[in-house]
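Q: Below you'll find the structure I mean.
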Amino acid sequence: MSASATPAVRAKPLVLAYRGPVLENVFFGHAVAYDVHGRRHFSLGNTARLTPVRSCLKPFQALPLLMEELPPHQQPSEQEVALMCGSHAAEPVHLGTVRSILKKAGANEGALGCGAPEGRRARIYNNCSGKHSGMLLYCSVKNLPIEGYLDPGHPLQDRIITEVLKLSRSVRPEVPIQVDGCGAPVPALPLEKIAWLFAQLSRPTGLPAAMAAGLQRAASAMREHPLMVAGTGHFDTRISEITSGRILAKCGADGLSCLSDRETGTGIAVKCESPSIAMAQGAALGLARKLNMVDDAEFDTLVSEFLPPRLNTNGLQIGTLRLASEIC
C-alpha cells in the first residue's frame, strides 16, 4: 500500500451520541476479548488492527524491574509499583510517590525524561512520571546509564520490548516500534494481542516463573492501590474500586481502553477511532457487562458516572450517550 492510500479500517459503531431523539455522532472502533487459554470470546470490527499500545503498556513496561532481585533499600512498595503501572492525575499522593521512587533511584526530578504537561513547569506533573521514575530505578539497580534511557537501543528499553514481545507471542521484525507522547518507545500490536496481554495480567498462565511473578505483583499492586492507577473519580480507578479489584483497567492515549478480569482470566481491548479515551472506556464497560465480567449494579453505577446524560452549559439535559447494541 502506498503512503497516500487510505487503509481499510473496517470499524464498527461503539457508542452513539444523541441530541434529543436525533443521532448526532457515532463513535466507531474495534473491540476484542481473549482469555488466558487463547479463546476468543468476542470480536467487533478489525481485531487485527495494528495499534500503538501507548499507556496501556505501563504494567508491562514495569516487568523488567519487577522480575529482578532488588536490594531492600531499592525495593519499591506496592503503592509505588501501582503508580509505575498507572497514568496518574498529579494529586499530592501521586507526586509524593514519584519522589519516593526517585529517592530510591538516587535521581532527581530533572532526570525524568517525560516533558512537563501543558500549563505546568515541572516534569513530575506528567501523568507518565510514575513509569519514568520506575525506569530510572531499574537503571540504578542494574548500573545502567540514565543518560539516553529512553533511546530504543538503551538496554532498559531493549529489555522491555523483549519481554513484551515474548508475552504477546510476537516476532521483533514484525512489530513497529514508535515513540509515545512521553518519549518512551512503544510497540504497535494487533488489538487482539493487546487483549491477550491483559488476559495474562490478572491470570498469568504458562509463562516463565519470573515473568508470571512480575505480572502478579503488578496486578496485586494495582488492585490494592487503585487510586495510584489513575486518580480520584477516573475510570481506571473507579472500576477497580467498584469491583473490589476484580477488574483492572488501563487506558491509553488516542482512544485505547483495556480491562483485565481476575476471575475469568479475560482481557478486553477496545480502540476508538475518534480518538476518545472516554468512548473507548464506555465501550469496554459495555463489553464487560456483555461477558458478565461486571454485574448489573456495578454496570449501572459506572454508566451513571462515565456515560451520563449530555448537558448543555445551563445544566439542562439535551441528549444521551448509548452503547451500540453489538457491545452491550
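Order determines the names: the first chain of the C-alpha cells is A, the second B, and so forth; residues in each chain are numbered 1 upward, and ligands are numbered 1 upward as they are shown.
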I'd like the contact shell of region 153-161 of chain A - 8 Å cut-off, only C-alpha atoms, skipping same-chain residues fewer than 3 positions apart - returned as a ChimeraX atom specification.
A: /A:60-64,135,138-139,144,148-150,164-165,185-187
Q: Take the residues from that selection and write them out as a compact mmCIF listing (two decimals), in the first residue's frame, keeping C-alpha atoms.
A:
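Final output, result.txt:
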# COMPACT_ATOMS: atom_id res chain seq x y z
CA PHE A 60 4.23 -4.45 31.15
CA GLN A 61 6.92 -1.76 30.95
CA ALA A 62 7.37 -2.31 34.71
CA LEU A 63 8.13 -6.02 34.16
CA PRO A 64 11.94 -5.79 33.95
CA MET A 135 12.63 3.16 34.67
CA TYR A 138 15.77 -0.05 37.10
CA CYS A 139 18.76 1.79 35.64
CA LEU A 144 22.88 1.38 33.58
CA GLY A 148 19.55 8.22 27.00
CA TYR A 149 17.38 5.82 29.00
CA LEU A 150 14.50 6.43 26.54
CA VAL A 164 6.56 -7.62 25.81
CA LEU A 165 7.23 -9.49 22.58
CA PRO A 185 9.48 3.55 22.84
CA VAL A 186 6.16 1.74 22.42
CA PRO A 187 5.25 -1.19 20.15
Q: What are the closest atom pairs, with distances in Å to one decimal, for each residue of region 50-83 of chain A lying within 8 Å of region 246-266 of chain A, using only C-alpha atoms, rows by chain and rising residue number, as CSV?
A:
residue,atom,partner,partner_atom,distance
A:Val53,CA,A:Gly252,CA,6.9
A:Arg54,CA,A:Gly252,CA,5.1
A:Ser55,CA,A:Gly252,CA,4.3
A:Cys56,CA,A:Gly252,CA,4.9
Q: Let me make sure I understand: among A:His88, A:Lys58, A:Arg169, A:Lys12, which one has the smallest atom-to-atom distance to Tyr125 (chain A) if we use only C-alpha atoms?
A: A:His88
Q: Could you give me, as a VMD selection string, the residues within 12 Å of Arg49 (chain A), counting only C-alpha atoms and dropping anything in the same chain fewer than 2 positions from it?
A: chain A and resid 7 to 11 29 to 32 43 to 47 51 to 53 188 to 194 269 to 273
Q: Residues at most 9 Å from region 205-216 of chain A, counting only C-alpha atoms, excluding those fewer than 4 positions away in the same chain, as a list of chain:residue names?
A: A:Val36, A:His37, A:Pro59, A:Phe60, A:Ala62, A:Leu63, A:Pro64, A:Leu65, A:Leu66, A:Met67, A:Glu68, A:Glu163, A:Leu167, A:Gln200, A:Leu201, A:Ser220, A:Ala221
Q: Check the smallest atom-to-atom distance from each of A:Val141, A:Ala280, A:Val303, A:Leu112 to Cys128 (chain A) using only C-alpha atoms, then report the winner.
A: A:Leu112
Q: When DSSP is applied to the backbone of this structure, which of region 47-258 of chain A are assigned strand (DSSP E or B)? Write them out as an NGL selection string.
A: :A and (50-52 or 177-179 or 185-190 or 247-252 or 256-258)
Q: For Gly134 (chain A), which of A:Ser202, A:Gln178, A:Ser77, A:Thr301 is the closest residue, counting only C-alpha atoms?
A: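 Comparing A:Ser202, A:Gln178, A:Ser77, A:Thr301 against Gly134 (chain A), the winner is A:Ser77.
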Q: Give me, as a PyMOL selection string, all polymer residues having an atom no more than 9 Å from Thr232 (chain A), counting only C-alpha atoms and skipping those fewer than 3 positions away in the same chain.
A: chain A and resi 89+91+227+235+237-238
Q: Mind writing the picked residues with N, CA and C atoms as a PDB file, in the first residue's frame?
A:
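Dumped everything to part-v8.pdb:
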ATOM      1  N   ALA A  89      -2.995  11.374  38.042  1.00  0.00           N
ATOM      2  CA  ALA A  89      -3.658  12.667  37.865  1.00  0.00           C
ATOM      3  C   ALA A  89      -2.932  13.799  38.583  1.00  0.00           C
ATOM      4  N   GLU A  91      -2.201  14.203  41.680  1.00  0.00           N
ATOM      5  CA  GLU A  91      -2.672  14.542  43.010  1.00  0.00           C
ATOM      6  C   GLU A  91      -1.471  14.493  43.962  1.00  0.00           C
ATOM      7  N   LEU A 227      -6.188   4.020  43.407  1.00  0.00           N
ATOM      8  CA  LEU A 227      -6.037   5.464  43.245  1.00  0.00           C
ATOM      9  C   LEU A 227      -4.749   5.806  42.503  1.00  0.00           C
ATOM     10  N   PHE A 235     -11.914   6.723  35.500  1.00  0.00           N
ATOM     11  CA  PHE A 235     -12.476   5.412  35.145  1.00  0.00           C
ATOM     12  C   PHE A 235     -11.601   4.259  35.607  1.00  0.00           C
ATOM     13  N   THR A 237      -9.508   3.993  37.913  1.00  0.00           N
ATOM     14  CA  THR A 237      -9.558   3.841  39.368  1.00  0.00           C
ATOM     15  C   THR A 237     -10.923   3.354  39.817  1.00  0.00           C
ATOM     16  N   ARG A 238     -11.980   3.946  39.284  1.00  0.00           N
ATOM     17  CA  ARG A 238     -13.328   3.649  39.767  1.00  0.00           C
ATOM     18  C   ARG A 238     -13.786   2.220  39.472  1.00  0.00           C
TER      19      ARG A 238
END
Q: As an exercise, work out the distance from CA of Phe299 (chain A) to CA of Asn314 (chain A) in Å and give it to one decimal place.
A: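 Value for the CA of Phe299 (chain A)-CA of Asn314 (chain A) distance: 27.9 Å.
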Q: Work out how far apart CA of Tyr18 (chain A) and CA of Gly233 (chain A) are and give it in Å to one decimal.
A: 24.6 Å
